[in-house]
Every structure is written in structure tokens, then in C-alpha cells.
Amino acid sequence: MVVKKPRIVIIGAGMAGLTAANKLHSVTASKDLFELCVVEGGNRIGGRINTSEFGGDRIEMGATWIHGIGGSPIHKIAKQIHALESEQPWECMDANENNSCEATTIAEGGFVLNPSFVHPITKLFNNLMDHARGRCRRRRRRQRLPTVTVETLVLALFLDKALMLIGAHQKRKGSSKGWENGAGKSEYQIFPGKEITIAKGYLSIIESLASVLPPGLVQLGRKVTRIEWQPERHEPMNMENGTCSRPVRLHFCDGSSMSADHVIVTVSLGVLKAAIRDDHSGMLMFHPPLPTFKAEAISRLGFGVVNKLFMQLSPPPPIRDEHSKGFPFLQMVFHSPQSELKHKKIPWWMRRTATLCPIYHNSSVLLAWFAGDEALALESLKDEEIIKGVSVTLSSFLSHSLEFCNGNVNSEKYSHEYKVKFSKVLKSQWGTDPLFLGSYSHVAVGSSGNDLDTMAEPLPKSSSSHPSASPPLQILFAGEATHRTHYSTTHGAYFSGLREANRLLQHYSLY
């Protein structure tokens with residue numbers, strides 16, 4: 001009988017998968033203890049990290065922010081590889097926590113709202129966000145929130161903004177349901193310090209992790225369609241060739257297969273949700289099916305959709321000097337859907353976003369965020385439909401607008417200096433991409449942090465009182481949706497990849 005080295009296969013070349021591969025290879029490469037490979041269904045590495053270019057600017061189609069630089073492993077890597085500075089412009093390069101004070105807030109019909117109305121609500125909103133994210137615990141308990149009275153339109157704007165930022169921009173992307181669950185809110189943790197983007201792109205972090213791996217270890221275009229595992233018993237001998245058989249077999253879309261001793265599954269929660277549905281869709285399937293405790297946790301947790309829309313102005317806004325203003329950081333206040341005053345041609349999906357702004361000061365590329373139903377609707381629209389919808393919206397907001405300067409009307413600007421036109425658009429499509437089927441996990445109503453812990457449990461399940469008769473650690477799980485306190489983040493995915501790599505190293509007494 002020939003005894004082979006344990007084979008570890010990692011499904012997915014995103015943050016979690018490449019972190020696990022990086023750790024396993026770095027610790028064991030010199031000892032040649034494992035056979036290690038990463039299989040990726042797509043034609044690129046990175047997963048939900050996808051740095052690209054548009055209109056001459058560096059943009060992020062997926063993960064965008066380092067959420068708190070204090071203690072973040074992502075920030076540490078970015079500093080080590082000198083990725084925080086670049087001569088080329090990049091998305092949100094001049095972002096700061098006070099840019100809402102620099103925004104131009106305009107109501108539907110072109111009425112500019114005085115900052116004296118807007119700023120108190122912004123302060124209230126920021127205090128509420130800090131409270132929801134746990135930051136207020138460090139503050140004085142008797143700190144009072146401001147009492148404000150403003151017009152209904154202003155309140156509507158910031159309710160929309162709250163939904164957007166809670167659902168998309170401030171790490172509960174895809175749904176606001178998770179915020180209704182007290183347990184989920186209290187356990188989610190954030191790193192201290194400012195939030196920044198990565199000058200050389202988020203992909204630079206991924207490339208750094210992958211750089212230590214030998215050529216051929218990461219295999220692209222290898223989409224897994226079936227995972228066969230042995231939860232109850234295992235046939236130890238392959239009688240045909242006299243070698244020890246491995247307990248897990250992966251089947252790929254091209255008809256090939258591969259056996260493994262351990263498989264680390266890092267696919268998104270959206271793909272796992274599809275995998276437990278018996279809908280014959282050809283998605284990732286487990287055979288035998290996942291145990292009930294695992295399938296129920298997958299079902300209870302939420303997985304939302306957020307998409308980003310980039311649009312290039314044509315021609316670019318006139319820039320006279322570095323102090324002149326191009327397209328504004330635009331906050332939009334819409335009439336209610338039932339209002340007789342609403343512009344009939346503004347599409348419903350535009351009414352569900354709050355901002356449209358250049359990706360940095362004076363950029364000709366504009367960005368809008370869409371979450372939930374409107375994010376999915378955006379994916380089905382043709383470029384021409386998007387351009388028409390955004391153009392109609394802006395015509396209502398900018399055609400009669402007056403520019404405010406320090407709270408005073410300065411000059412009529414947008415309609416007289418240039419008419420807003422777009423040459424091209426680029427949108428993310430995370431909801432319908434079969435390799436992701438969504439954007440971020442959240443603790444939905446009816447779920448809790450316990451479900452996130454359950455997501456991380458390896459299979460087959462074993463304990464000291466009930467040891468499994470099958471080989472241990474056949475299927476391990478990593479990814480942002482498996483981390484109890486940092487779900488929905490790239491650093492959560494990073495931590496989960498380390499966790500599962502260390503689990504295997506401990507199993508072989510190497511850690």
C-alpha cells in the first residue's frame with residue numbers, strides 16, 4: 001500500500017482562499033508535507049475584490065474600503081507593499097469623514113437646501129451610526145444628541161441615506177434587516193481609525209498574498225459542480241491500485257474530477273444558499289447533502305446585493321484651476337413616490353439612491369451606489385437605459401440649481417456652464433454572477449452570531465464524546481460569512497482563511 005501526502009484543495013481564489021493557501025504554503029513548503037492547490041471557477045483571482053480602470057481612473061468594482069486602519073491586517077499588508085500611495089488617481093483618493101459637509105444637497109426640482117438645515121441632520125445621523133456601530137461606548141454616557149426640526153424633505157433624504165449607508169456604504173451592504181437583530185449589532189466589531197481606500201487598488205493585496213505561491217498552484221476556470229464527501233464511513237483502500245483513497249472527491253464543470261483529504265470551501269454565502277437548494281441548477285452541490293444544522297444556518301443568514309454604477313461625463317466638466325468645482329458631491333432629496341410633484345420620468349431605481357458624485361475631486365467619473373431591489377434591477381438594464389434614467393434625474397436636480405458658497409447663493413452654474421451628458425457607463429453585477437450571487441452577508445431577522453459560528457464548523461462534525469468514524473476535517477469553511485464579529489468585510493475573510501489554515505496545521509501538529 002502506497003501512502004500519499006495529504007492533499008488540500010481550496011475552492012475559491014478570493015481573500016479567504018488565498019490567505020489560507022499563503023499560510024499553508026509558507027509554513028510547509030520547505031518540508032513538502034502537503035499537496036496543495038487552489039481551484040477557482042472564474043478567469044481571475046480576487047473574488048469579490050476586483051480592481052479595474054474606467055475613464056483613466058482606478059476604480060473598485062467590489063470591495064473598496066479598509067474599514068478602520070487600527071489593527072487591520074489589510075492595512076498592514078497595504079503598508080508593507082507600499083500600496084497606499086500612487087501617482088495615478090484612484091477612487092475616493094481624497095475621501096474624508098467630513099465630505100458630507102462639502103456635499104451639495106438638492107431637492108427634486110432643483111431647490112438647493114441650505115446647509116443650516118442639512119448639517120444638524122448629518123450630525124444626528126452620524127451619532128446614530130456611531131451608536132449602531134458601538135463607537136458610543138467609548139464616549140461619555142451623558143452626551144446628548146442634537147434636537148433638530150427640519151422640513152420633511154430633508155428628513156426623507158437622510159432616511160434614504162441611512163438605508164443606503166447601513167445597507168451598502170457602512171458595512172451592512174445589501175440589506176438593512178441585520179440591523180433589526182440586536183445580537184448581530186452588538187457582536188459586530190470595527191477597527192478604530194479612519195476608513196481609507198487603497199491607492200494601488202485592493203487587488204494589490206490579493207496579488208501580494210498570491211505572490212508566494214508557485215506557478216500552477218492556482219488553477220483558473222475550474223468551477224466545482226459537485227462535492228462528494230463521507231460523513232459516516234470511509235473505504236480506506238482503493239483495491240484497483242493499492243493506494244489509500246481520499247475521502248473527498250470534487251467534480252468540475254469540464255467533466256474532470258479530483259480527490260482530496262481536505263477541502264476548504266470559500267465560496268460566497270450566496271453560492272452556498274444555491275448549493276442547498278434542490279433546483280438542479282448546476283450550482284455547487286454537496287453529496288450527501290450538508291447536515292441539517294449547517295443548511296439551516298446557511299438559510300437563516302442574510303446575503304444582500306449591492307452594485308456600483310460608474311458613469312463618465314462627456315465632455316468632462318470645465319476645470320479652470322485646482323480650486324474650481326467640477327461636478328458636485330450631489331446628495332439628492334426625492335419627493336415621495338405618492339407625491340403629485342414628483343418628476344414622472346425619473347425611474348424608480350434612481351429614487352432609491354442618495355448620492356451621485358465624482359470618485360475624487362474634479363474627476364470626470366461619477367459613482368452611485370445601489371442596494372437591494374434596485375441593485376438587481378440595475379443589472380438587467382442596458383447602458384442606454386441607465387444613461388437616460390440618470391440624465392433625466394440630473395435634469396430635474398441641476399437645471400435650475402444655484403450654487404451655495406458658505407451658505408449663500410454664489411452663482412447660477414450647472415445648467416448654464418454645461419449640460420450633463422455621459423459617454424459610457426460601467427456597472428458591477430454581483431447579484432446575477434453565478435460565482436457570487438450577491439455581495440455581502442448580514443445577520444438577518446431570525447439569525448444570530450451562533451449561525452456565523454455554525455458556518456465555520458468543519459465536516460464531518462465530531463466531538464470528544466462522539467468521535468466521527470470518518471476521516472476528520474474533510475470539508476472546512478472560510479469566507480467573510482463564517483466570521484462572527486467581522487462578517488461582510490475583507491479582513492473578516494482574511495481572518496477566516498488564517499483560521500482554517502491553522503486548523504489543518506494543528507491537526508498535523510505543525511502549529
# chains A, B, ... in the order shown; residues from 1 in each chain; ligands from 1
>>> select_by_dssp(residues="stretch 243-447 of chain A", states="helix (DSSP H, G or I)", output="ChimeraX atom specification")
/A:269-275,292-300,350-352,373-380,383-398,414-417
>>> residues_around(residues="A:Lys5", least_positions_apart="3", cutoff="7 Å", atoms="only C-alpha atoms", output="short mmCIF file (atom, residue, chain, number, x, y, z; two decimals) with N, CA, C and O atoms, in the first residue's frame")
data_model
loop_
_atom_site.label_atom_id
_atom_site.label_comp_id
_atom_site.auth_asym_id
_atom_site.auth_seq_id
_atom_site.Cartn_x
_atom_site.Cartn_y
_atom_site.Cartn_z
N LEU A 33 5.17 18.73 2.92
CA LEU A 33 4.30 17.85 3.69
C LEU A 33 2.93 17.64 3.04
O LEU A 33 2.28 16.63 3.30
N PHE A 34 2.48 18.61 2.24
CA PHE A 34 1.15 18.54 1.65
C PHE A 34 1.22 18.65 0.13
O PHE A 34 2.17 19.21 -0.43
N GLU A 35 0.18 18.16 -0.52
CA GLU A 35 -0.13 18.57 -1.88
C GLU A 35 -1.19 19.66 -1.75
O GLU A 35 -2.23 19.44 -1.14
#
>>> residues_around(residues="A:Met311", least_positions_apart="2", cutoff="7 Å", atoms="only C-alpha atoms", output="list in words")
Leu309, Leu313, Val365, Leu366, Leu367, Phe422, Lys424, Val425 and Leu426 of chain A
>>> write_last_selection(atoms="N, CA and C atoms", output="PDB file, in the first residue's frame")
ATOM      1  N   LEU A 309     -22.337  51.866  -9.762  1.00  0.00           N
ATOM      2  CA  LEU A 309     -22.516  52.368 -11.126  1.00  0.00           C
ATOM      3  C   LEU A 309     -21.527  53.506 -11.358  1.00  0.00           C
ATOM      4  N   LEU A 313     -18.483  61.429 -17.609  1.00  0.00           N
ATOM      5  CA  LEU A 313     -19.046  62.644 -18.172  1.00  0.00           C
ATOM      6  C   LEU A 313     -18.457  62.919 -19.552  1.00  0.00           C
ATOM      7  N   VAL A 365     -15.378  60.904 -13.760  1.00  0.00           N
ATOM      8  CA  VAL A 365     -16.093  59.656 -13.498  1.00  0.00           C
ATOM      9  C   VAL A 365     -16.962  59.830 -12.261  1.00  0.00           C
ATOM     10  N   LEU A 366     -18.260  59.576 -12.429  1.00  0.00           N
ATOM     11  CA  LEU A 366     -19.212  59.685 -11.325  1.00  0.00           C
ATOM     12  C   LEU A 366     -19.558  58.300 -10.803  1.00  0.00           C
ATOM     13  N   LEU A 367     -19.954  58.244  -9.536  1.00  0.00           N
ATOM     14  CA  LEU A 367     -20.278  56.983  -8.880  1.00  0.00           C
ATOM     15  C   LEU A 367     -21.587  57.096  -8.123  1.00  0.00           C
ATOM     16  N   PHE A 422     -23.276  61.767 -20.746  1.00  0.00           N
ATOM     17  CA  PHE A 422     -22.385  60.665 -20.411  1.00  0.00           C
ATOM     18  C   PHE A 422     -21.957  59.925 -21.672  1.00  0.00           C
ATOM     19  N   LYS A 424     -20.105  56.839 -21.438  1.00  0.00           N
ATOM     20  CA  LYS A 424     -20.169  55.404 -21.191  1.00  0.00           C
ATOM     21  C   LYS A 424     -20.445  55.137 -19.727  1.00  0.00           C
ATOM     22  N   VAL A 425     -20.869  53.915 -19.443  1.00  0.00           N
ATOM     23  CA  VAL A 425     -21.145  53.503 -18.077  1.00  0.00           C
ATOM     24  C   VAL A 425     -20.512  52.143 -17.818  1.00  0.00           C
ATOM     25  N   LEU A 426     -20.306  51.846 -16.549  1.00  0.00           N
ATOM     26  CA  LEU A 426     -19.801  50.541 -16.128  1.00  0.00           C
ATOM     27  C   LEU A 426     -20.466  50.206 -14.802  1.00  0.00           C
TER      28      LEU A 426
END
>>> atom_distance(atom1="atom CA of A:Met455", atom2="atom CA of A:Pro434")
20.6 Å
>>> closest_atom_pairs(of="stretch 240-269 of chain A", to="stretch 436-442 of chain A", cutoff="8 Å", atoms="only C-alpha atoms", output="JSON lines")
{"residue": "A:Val267", "atom": "CA", "partner": "A:Phe436", "partner_atom": "CA", "distance": 7.4}
{"residue": "A:Ser268", "atom": "CA", "partner": "A:Phe436", "partner_atom": "CA", "distance": 5.7}
{"residue": "A:Leu269", "atom": "CA", "partner": "A:Ser441", "partner_atom": "CA", "distance": 6.9}
>>> write_last_selection(atoms="C-alpha atoms", output="JSON list (two decimals), in the first residue's frame")
[["chain", "number", "residue", "atom", "x", "y", "z"],
["A", 267, "VAL", "CA", -17.39, 30.34, -1.92],
["A", 268, "SER", "CA", -19.86, 33.09, -1.07],
["A", 269, "LEU", "CA", -22.90, 32.60, 1.13]]
>>> residues_around(residues="A:Ile81", least_positions_apart="3", cutoff="9 Å", atoms="only C-alpha atoms", output="short mmCIF file (atom, residue, chain, number, x, y, z; two decimals) with N, CA and C atoms, in the first residue's frame")
data_model
loop_
_atom_site.label_atom_id
_atom_site.label_comp_id
_atom_site.auth_asym_id
_atom_site.auth_seq_id
_atom_site.Cartn_x
_atom_site.Cartn_y
_atom_site.Cartn_z
N LYS A 76 -2.16 46.63 7.22
CA LYS A 76 -0.78 46.24 7.48
C LYS A 76 -0.11 45.75 6.20
N ILE A 77 -0.80 44.91 5.45
CA ILE A 77 -0.24 44.41 4.19
C ILE A 77 -0.07 45.56 3.20
N ALA A 78 -1.07 46.44 3.12
CA ALA A 78 -1.00 47.56 2.19
C ALA A 78 0.21 48.45 2.47
N LEU A 84 -0.37 52.20 -0.54
CA LEU A 84 -1.23 53.29 -0.09
C LEU A 84 -0.94 54.61 -0.80
N SER A 204 -4.03 44.70 -5.26
CA SER A 204 -2.62 44.60 -4.86
C SER A 204 -2.46 43.74 -3.61
N ILE A 205 -3.46 43.73 -2.73
CA ILE A 205 -3.41 42.87 -1.54
C ILE A 205 -3.50 41.40 -1.96
N SER A 208 -0.33 40.26 -3.61
CA SER A 208 0.72 40.05 -2.64
C SER A 208 0.58 38.68 -1.97
#
>>> residues_around(residues="stretch 189-203 of chain A", least_positions_apart="2", cutoff="7 Å", atoms="only C-alpha atoms", output="list in words")
Gly46, Ile49, Asn50, Thr51, Thr64, Trp65, Ile66, His67, Gly68, Ile69, Gly70, Gly71, Ser72, Ala83, Leu84, Glu85, Ser86, Trp90, Cys92, Met93, Glu187, Ile205, Ile206, Glu207, Thr485 and His486 of chain A
